[in-house]
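One file, structure25.txt, carrying compact mmCIF, C-alpha atoms and all ligand atoms:
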# COMPACT_ATOMS: atom_id res chain seq x y z
CA MET A 342 41.78 35.26 28.42
CA ASP A 343 38.64 37.21 29.23
CA LEU A 344 36.13 34.39 29.58
CA THR A 345 33.15 36.70 30.07
CA SER A 346 33.36 37.76 26.40
CA GLN A 347 33.40 34.15 25.16
CA ARG A 348 29.87 33.32 24.08
CA ARG A 349 28.21 30.87 21.72
CA GLU A 350 24.50 30.74 20.99
CA TYR A 351 22.81 27.33 20.85
CA GLU A 352 20.65 27.45 17.77
CA THR A 353 19.54 23.84 17.72
CA GLU A 354 15.94 22.76 17.37
CA GLY A 355 14.15 22.14 20.61
CA ILE A 356 12.64 18.97 22.01
CA ASP A 357 9.24 18.23 23.48
CA VAL A 358 7.87 15.27 25.41
CA GLY A 359 6.35 13.81 22.23
CA ASP A 360 9.77 13.70 20.54
CA LEU A 361 11.22 11.45 23.22
CA ASP A 362 11.04 7.69 23.52
CA PRO A 363 9.06 6.69 26.64
CA ASP A 364 12.04 4.54 27.62
CA PRO A 365 14.95 6.79 28.70
CA ILE A 366 17.55 4.15 27.84
CA VAL A 367 16.28 3.96 24.25
CA GLN A 368 16.37 7.77 24.11
CA VAL A 369 19.97 8.00 25.39
CA ASP A 370 21.00 5.24 22.99
CA ARG A 371 19.52 7.30 20.13
CA TRP A 372 21.43 10.38 21.22
CA LEU A 373 24.63 8.33 21.45
CA ASP A 374 24.07 7.27 17.82
CA ASP A 375 23.68 10.96 16.91
CA ALA A 376 26.88 11.77 18.80
CA TYR A 377 28.81 9.10 16.85
CA ALA A 378 27.32 10.41 13.60
CA SER A 379 28.37 13.97 14.51
CA GLY A 380 32.04 12.90 14.61
CA THR A 381 32.58 14.02 18.21
CA ALA A 382 35.90 12.67 19.55
CA GLU A 383 34.78 10.51 22.52
CA PRO A 384 30.97 10.17 22.43
CA THR A 385 31.01 7.90 25.49
CA ALA A 386 33.13 10.18 27.68
CA ALA A 387 31.09 10.96 30.78
CA VAL A 388 31.69 12.73 34.06
CA PHE A 389 31.05 10.34 36.93
CA ALA A 390 30.41 11.99 40.28
CA THR A 391 30.46 10.27 43.64
CA ALA A 392 30.51 11.46 47.24
CA ASP A 393 32.00 10.11 50.42
CA ILE A 394 29.94 9.39 53.52
CA HIS A 395 30.36 13.01 54.67
CA GLY A 396 28.87 14.26 51.40
CA ARG A 397 32.19 15.53 50.00
CA PRO A 398 31.86 15.11 46.22
CA SER A 399 34.42 14.15 43.61
CA ALA A 400 34.03 13.89 39.84
CA ARG A 401 36.11 12.49 37.00
CA THR A 402 35.76 11.54 33.36
CA VAL A 403 35.22 7.88 32.49
CA LEU A 404 34.14 6.01 29.39
CA LEU A 405 30.64 4.55 29.26
CA LYS A 406 30.99 0.90 28.28
CA GLY A 407 27.45 -0.36 28.56
CA LEU A 408 23.93 0.96 28.34
CA GLY A 409 20.92 -1.26 28.87
CA SER A 410 17.65 -1.66 30.73
CA ASP A 411 19.70 -2.27 33.90
CA GLY A 412 21.62 0.97 33.69
CA PHE A 413 24.89 2.64 32.72
CA VAL A 414 28.10 0.60 33.00
CA ILE A 415 31.66 1.86 33.47
CA PHE A 416 34.86 -0.03 34.30
CA THR A 417 37.39 0.98 36.88
CA ASN A 418 39.57 0.03 39.82
CA TYR A 419 37.39 -0.81 42.84
CA ASP A 420 40.16 0.46 45.17
CA SER A 421 40.22 3.86 43.48
CA ARG A 422 38.68 6.87 45.16
CA LYS A 423 35.45 6.47 43.18
CA GLY A 424 35.38 2.73 43.88
CA ARG A 425 35.74 3.23 47.60
CA GLU A 426 33.20 6.05 47.62
CA VAL A 427 30.44 4.06 45.91
CA ILE A 428 30.93 1.18 48.33
CA ALA A 429 30.41 3.58 51.26
CA ASN A 430 27.72 5.68 49.55
CA PRO A 431 26.10 4.13 46.46
CA TRP A 432 24.41 7.34 45.24
CA ALA A 433 26.19 8.70 42.17
CA ALA A 434 25.66 10.79 39.05
CA LEU A 435 26.87 10.57 35.47
CA THR A 436 26.81 13.34 32.87
CA LEU A 437 27.35 12.95 29.13
CA THR A 438 27.91 16.16 27.16
CA TRP A 439 28.02 16.48 23.38
CA VAL A 440 28.86 20.14 22.83
CA GLU A 441 28.72 19.82 19.03
CA LEU A 442 25.05 18.87 19.36
CA SER A 443 24.29 21.22 22.28
CA ARG A 444 23.09 18.19 24.22
CA GLN A 445 23.57 16.86 27.70
CA VAL A 446 22.28 13.80 29.55
CA ARG A 447 22.34 13.73 33.35
CA VAL A 448 21.77 10.53 35.26
CA GLU A 449 21.36 10.08 39.00
CA GLY A 450 21.00 6.78 40.71
CA ILE A 451 22.44 3.97 42.76
CA VAL A 452 25.62 2.09 41.92
CA GLU A 453 25.96 -1.67 42.03
CA MET A 454 28.81 -3.99 41.07
CA VAL A 455 28.72 -5.65 37.67
CA ASP A 456 28.72 -9.47 37.86
CA ALA A 457 32.22 -10.97 37.94
CA ALA A 458 31.53 -12.95 34.75
CA ASP A 459 30.61 -9.77 32.83
CA SER A 460 33.67 -7.95 34.16
CA ASP A 461 35.82 -10.95 33.14
CA ALA A 462 34.38 -10.85 29.63
CA TYR A 463 35.06 -7.15 29.19
CA PHE A 464 38.54 -7.40 30.71
CA ALA A 465 39.39 -10.21 28.29
CA SER A 466 38.42 -7.95 25.37
CA ARG A 467 40.86 -5.18 26.37
CA PRO A 468 44.26 -4.82 24.72
CA ARG A 469 47.02 -6.67 26.60
CA GLY A 470 48.73 -3.37 27.51
CA ALA A 471 45.60 -2.13 29.26
CA GLN A 472 45.20 -5.49 31.02
CA LEU A 473 48.75 -5.28 32.40
CA GLY A 474 48.21 -1.65 33.33
CA ALA A 475 45.22 -2.62 35.48
CA TRP A 476 47.54 -4.85 37.54
CA ALA A 477 50.40 -2.34 37.63
CA SER A 478 48.49 0.71 38.82
CA ALA A 479 46.99 1.06 42.30
CA GLN A 480 44.68 3.75 40.96
CA SER A 481 44.29 6.88 43.13
CA HIS A 482 47.01 5.86 45.60
CA PRO A 483 50.15 8.02 45.98
CA ILE A 484 53.31 6.80 44.25
CA ALA A 485 56.87 8.07 44.64
CA ASP A 486 57.44 8.80 40.97
CA ARG A 487 56.80 7.53 37.43
CA ALA A 488 59.71 5.10 37.81
CA GLN A 489 57.79 3.25 40.52
CA LEU A 490 54.84 2.74 38.17
CA GLU A 491 57.14 1.52 35.41
CA ALA A 492 58.87 -0.89 37.80
CA GLN A 493 55.46 -2.29 38.78
CA LEU A 494 54.59 -2.65 35.09
CA ASP A 495 57.88 -4.52 34.43
CA GLU A 496 57.04 -6.83 37.30
CA VAL A 497 53.59 -7.73 35.90
CA HIS A 498 55.04 -8.11 32.37
CA GLU A 499 57.37 -10.74 33.80
CA ARG A 500 54.69 -12.38 35.92
CA TYR A 501 52.38 -12.91 32.93
CA ALA A 502 55.01 -13.52 30.23
CA GLY A 503 53.50 -16.05 27.79
CA LEU A 504 50.29 -16.25 29.86
CA GLU A 505 46.81 -14.81 29.56
CA VAL A 506 46.32 -11.87 31.91
CA PRO A 507 43.49 -12.59 34.37
CA ARG A 508 41.21 -9.81 35.60
CA PRO A 509 42.54 -8.33 38.85
CA PRO A 510 40.03 -8.84 41.67
CA HIS A 511 40.15 -5.09 42.34
CA TRP A 512 39.11 -4.17 38.81
CA GLY A 513 35.69 -4.44 37.17
CA GLY A 514 32.41 -2.81 36.27
CA LEU A 515 30.14 -0.46 38.13
CA ARG A 516 26.53 -0.06 37.03
CA LEU A 517 24.62 3.14 37.73
CA VAL A 518 20.97 2.14 38.08
CA PRO A 519 19.05 5.30 37.17
CA HIS A 520 16.48 6.95 39.40
CA GLU A 521 16.33 10.08 37.24
CA ILE A 522 17.52 10.91 33.73
CA GLU A 523 17.47 14.42 32.28
CA VAL A 524 17.92 15.12 28.58
CA TRP A 525 18.92 18.69 27.77
CA GLN A 526 18.89 20.42 24.42
CA GLY A 527 20.50 23.85 24.13
CA ARG A 528 18.34 26.62 22.63
CA LEU A 529 18.52 30.30 21.81
CA ASP A 530 18.85 32.90 24.58
CA ARG A 531 19.69 30.21 27.12
CA LEU A 532 16.05 29.10 27.18
CA HIS A 533 17.05 25.49 26.83
CA ASP A 534 14.82 22.42 26.92
CA ARG A 535 15.16 20.19 29.97
CA LEU A 536 13.02 17.08 29.97
CA VAL A 537 13.36 14.75 32.90
CA TYR A 538 12.42 11.08 33.24
CA VAL A 539 11.27 10.54 36.82
CA PRO A 540 9.76 7.43 38.43
CA ALA A 541 6.04 7.33 37.46
CA ASP A 542 5.15 5.55 40.68
CA GLY A 543 7.17 7.86 42.91
CA GLU A 544 10.69 7.41 44.21
CA PRO A 545 11.10 3.89 45.60
CA GLU A 546 11.92 3.38 49.24
CA LEU A 547 15.10 5.40 49.76
CA ASP A 548 16.94 2.50 51.30
CA PRO A 549 20.03 2.37 49.09
CA THR A 550 20.42 -1.33 49.74
CA THR A 551 17.20 -2.17 47.90
CA ARG A 552 18.76 -1.36 44.50
CA ALA A 553 15.23 -0.95 43.15
CA ARG A 554 14.81 -0.65 39.38
CA ILE A 555 12.41 1.99 38.14
CA GLU A 556 9.89 0.12 36.01
CA ARG A 557 7.75 3.04 34.78
CA TRP A 558 8.83 6.55 33.91
CA GLU A 559 7.01 9.81 33.35
CA ILE A 560 8.57 12.81 31.65
CA ILE A 561 8.38 16.24 33.23
CA ARG A 562 9.75 19.55 32.01
CA ARG A 563 12.01 21.68 34.16
CA SER A 564 12.77 25.35 33.75
CA PRO A 565 16.17 25.95 32.22
C1 LIG A 601 38.63 10.67 28.33
C2 LIG A 601 38.91 9.96 29.64
C3 LIG A 601 38.44 8.68 29.84
C4 LIG A 601 38.68 8.00 31.04
N1 LIG A 601 38.13 6.77 31.22
C5 LIG A 601 38.28 6.14 32.40
C6 LIG A 601 37.60 4.92 32.67
O1 LIG A 601 36.82 4.40 31.83
N2 LIG A 601 37.79 4.33 33.86
C7 LIG A 601 38.60 4.88 34.83
O2 LIG A 601 38.75 4.28 35.90
N3 LIG A 601 39.24 6.05 34.62
C8 LIG A 601 39.10 6.70 33.44
N4 LIG A 601 39.72 7.91 33.23
C9 LIG A 601 40.57 8.47 34.31
C10 LIG A 601 39.69 9.13 35.38
O3 LIG A 601 39.25 10.41 34.93
C11 LIG A 601 40.38 9.28 36.73
O4 LIG A 601 41.61 9.96 36.59
C12 LIG A 601 40.66 7.93 37.40
O5 LIG A 601 39.59 7.03 37.21
C13 LIG A 601 40.91 8.09 38.88
O6 LIG A 601 39.79 8.69 39.50
P1 LIG A 601 39.53 8.62 41.08
O7 LIG A 601 40.88 8.73 41.76
O8 LIG A 601 38.65 9.78 41.40
O9 LIG A 601 38.88 7.30 41.38
C14 LIG A 601 39.49 8.62 32.04
C15 LIG A 601 39.95 9.93 31.84
C16 LIG A 601 39.66 10.58 30.67
C17 LIG A 601 40.14 12.01 30.51
Could you quickly redo this structure as structure tokens?
Ligand SMILES: Cc1cc2nc3c(=O)[nH]c(=O)nc-3n(C[C@H](O)[C@H](O)[C@H](O)COP(=O)(O)O)c2cc1C
Amino acid sequence: MDLTSQRREYETEGIDVGDLDPDPIVQVDRWLDDAYASGTAEPTAAVFATADIHGRPSARTVLLKGLGSDGFVIFTNYDSRKGREVIANPWAALTLTWVELSRQVRVEGIVEMVDAADSDAYFASRPRGAQLGAWASAQSHPIADRAQLEAQLDEVHERYAGLEVPRPPHWGGLRLVPHEIEVWQGRLDRLHDRLVYVPADGEPELDPTTRARIERWEIIRRSP
């Protein structure tokens, strides 16, 4: 297919600073509501990007499972590639795209672990099949073939027959604590609107171990 001839104009209405909530989390929550209302298939699907200590990046789609004043929560295997990368280098980025609405949200920040009790609560709410799958799969690690995975699944089925499935210690939530959030609205002639929430009091000390929350935001506009 000739991709250069594929073209769609974004004819949506633009956004200005005054249209946005001063709190970026409230704003993203509003856009998530719009995404659900638009009938898009997976409104919470987001690309989560991490990098190893040498700066080599990797990105994958995950489902956003929590959004609050503390940040953006996803659930995964802590021994996966992404899990190991955020332990070594906590800077990460998350991008939500709703093509039907010509909208994108980009988040950059620092990742922290979700409390064990909160991970337990979410794990307990998952279907049993997904709970067993979390035990059966050593996510990101090589396996010989599909049969090996199925044998591991049979083993955990047997182990937990008639029992509640506990949360594996290697599985739980990661919270991206935002240091910058950009909301993007597509417009005609590729002159899109990009409005960016940045820390009003300047970037906190760049020591990733401080896990500082940004208390006050200001909104700036960036050229598309
Ligand atoms: C729509 C969609 C949703 C996904 N949701 C998750 C998720 O919530 N958590 C997760 O660990 N992987 C999820 N995955 C799988 C990841 O994209 C990825 O394959 C996996 O996490 C391993 O990534 P890693 O080896 O880079 O750590 C999802 C994939 C798709 C396509």
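Residues surrounding region 399-416 of chain A within 7 Å are A:Ile366, A:Thr385, A:Ala386, A:Ala387, A:Val388, A:Phe389, A:Ala390, A:Thr391, A:Ala392, A:Gly513, A:Gly514, A:Leu515, A:Arg516, A:Leu517, A:Val518, A:Pro519 [only C-alpha atoms; sequence separation below 5 positions excluded].
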Just give me the gap between CA of Arg562 (chain A) and CA of His533 (chain A) in Å, one decimal is fine. 10.7 Å
If the box runs along x, y and z of the file and leaves 6 Å on each side of ligand LIG 601 (chain A), what are its centre and edge lengths in Å, one decimal, as lines of an AutoDock Vina configuration file?
center_x = 39.2
center_y = 8.1
center_z = 35.0
size_x = 16.8
size_y = 19.7
size_z = 25.4
Using Å and a single decimal, report how far CA of Arg469 (chain A) sits from CA of Asp495 (chain A). 13.6 Å
Pairwise distance for CA of Ser460 (chain A) and CA of Arg508 (chain A), rounded to one decimal in Å: 7.9 Å
If you count all atoms listed in the file, which residues fall within 9 Å of region 555-558 of chain A, apart from same-chain ones fewer than 2 positions away, as a ChimeraX atom specification? /A:363-365,518-521,538-542,544-545,553,560
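Shortest separation to Ala376 (chain A) among A:Ser564, A:Ser466, A:Gln472, A:Thr438 occurs at residue A:Thr438, atoms counted being only C-alpha atoms.
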Name the residues within 9 Å of (35.0, 15.8, 18.9), counting only C-alpha atoms in the file's coordinates, and put them as a PyMOL selection string. chain A and resi 379-384+439-441
Written selection (C-alpha atoms) as a compact mmCIF listing (two decimals), keeping the file's coordinate frame:
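result_31.txt, written as the output of this step:
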# COMPACT_ATOMS: atom_id res chain seq x y z
CA SER A 379 28.37 13.97 14.51
CA GLY A 380 32.04 12.90 14.61
CA THR A 381 32.58 14.02 18.21
CA ALA A 382 35.90 12.67 19.55
CA GLU A 383 34.78 10.51 22.52
CA PRO A 384 30.97 10.17 22.43
CA TRP A 439 28.02 16.48 23.38
CA VAL A 440 28.86 20.14 22.83
CA GLU A 441 28.72 19.82 19.03
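Of the residues under consideration (A:Asp375, A:Glu523, A:Asp393, A:Asp360), A:Asp393 shows the shortest atom-to-atom contact distance to ligand LIG 601 (chain A) when counting all atoms listed in the file.
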I want to know what sits within 9 Å of Arg444 (chain A), based on all atoms listed in the file, with residues of the same chain fewer than 5 positions away left out; could you give that as a PyMOL selection string? chain A and resi 372+437-439+524-527
Output the selection as a PDB file, in the frame of the given file - C-alpha atoms for each residue.
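Done, and the output landed in selection_17.pdb:
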ATOM      1  CA  TRP A 372      21.430  10.380  21.220  1.00  0.00           C
ATOM      2  CA  LEU A 437      27.350  12.950  29.130  1.00  0.00           C
ATOM      3  CA  THR A 438      27.910  16.160  27.160  1.00  0.00           C
ATOM      4  CA  TRP A 439      28.020  16.480  23.380  1.00  0.00           C
ATOM      5  CA  VAL A 524      17.920  15.120  28.580  1.00  0.00           C
ATOM      6  CA  TRP A 525      18.920  18.690  27.770  1.00  0.00           C
ATOM      7  CA  GLN A 526      18.890  20.420  24.420  1.00  0.00           C
ATOM      8  CA  GLY A 527      20.500  23.850  24.130  1.00  0.00           C
TER       9      GLY A 527
END
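Distances here use all atoms listed in the file; by that measure, the residue among A:Thr417, A:Ser443, A:Gln368, A:Ser346 closest to ligand LIG 601 (chain A) is A:Thr417.
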Neighbours of Asn418 (chain A) within 6 Å (all atoms listed in the file; same-chain residues fewer than 2 positions away dropped), as a PDB file with C-alpha atoms, in the coordinates of the input?
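Dumped to part_33.pdb:
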ATOM      1  CA  ASP A 420      40.160   0.460  45.170  1.00  0.00           C
ATOM      2  CA  SER A 421      40.220   3.860  43.480  1.00  0.00           C
ATOM      3  CA  HIS A 511      40.150  -5.090  42.340  1.00  0.00           C
ATOM      4  CA  TRP A 512      39.110  -4.170  38.810  1.00  0.00           C
TER       5      TRP A 512
END
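Restricting the calculation to all atoms listed in the file, the smallest distance between ligand LIG 601 (chain A) and any of A:Glu546, A:Arg535, A:Val506, A:Ser478 is found for A:Ser478.
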Could you list, as an mmCIF file with C-alpha atoms, in the coordinates of the input, every residue within 10 Å of Pro509 (chain A), counting all atoms listed in the file and ignoring same-chain residues fewer than 6 positions away?
data_model
loop_
_atom_site.group_PDB
_atom_site.id
_atom_site.type_symbol
_atom_site.label_atom_id
_atom_site.label_comp_id
_atom_site.auth_asym_id
_atom_site.auth_seq_id
_atom_site.Cartn_x
_atom_site.Cartn_y
_atom_site.Cartn_z
ATOM 1 C CA ASN A 418 39.570 0.030 39.820
ATOM 2 C CA TYR A 419 37.390 -0.810 42.840
ATOM 3 C CA ASP A 461 35.820 -10.950 33.140
ATOM 4 C CA PHE A 464 38.540 -7.400 30.710
ATOM 5 C CA GLN A 472 45.200 -5.490 31.020
ATOM 6 C CA LEU A 473 48.750 -5.280 32.400
ATOM 7 C CA ALA A 475 45.220 -2.620 35.480
ATOM 8 C CA TRP A 476 47.540 -4.850 37.540
ATOM 9 C CA ALA A 477 50.400 -2.340 37.630
#
List every protein, DNA or RNA residue that has an atom no more than 12 Å from (25.7, 14.2, 50.5) in the file's coordinate frame, counting all atoms listed in the file, and report them as a list in words. Ala390, Thr391, Ala392, Asp393, Ile394, His395, Gly396, Arg397, Pro398, Ser399, Glu426, Ala429, Asn430, Pro431, Trp432, Ala433 and Ala434 of chain A
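Closest approach to Val497 (chain A) from the set A:Ala485, A:Leu373, A:Ala471, A:Ile522 is made by A:Ala471, with distances taken over only C-alpha atoms.
Minimum atom-to-atom distances from A:Leu532, A:Ala479, A:Leu442, A:Ala492 to ligand LIG 601 (chain A) were compared using only C-alpha atoms and all ligand atoms, and the lowest value belongs to A:Ala479.
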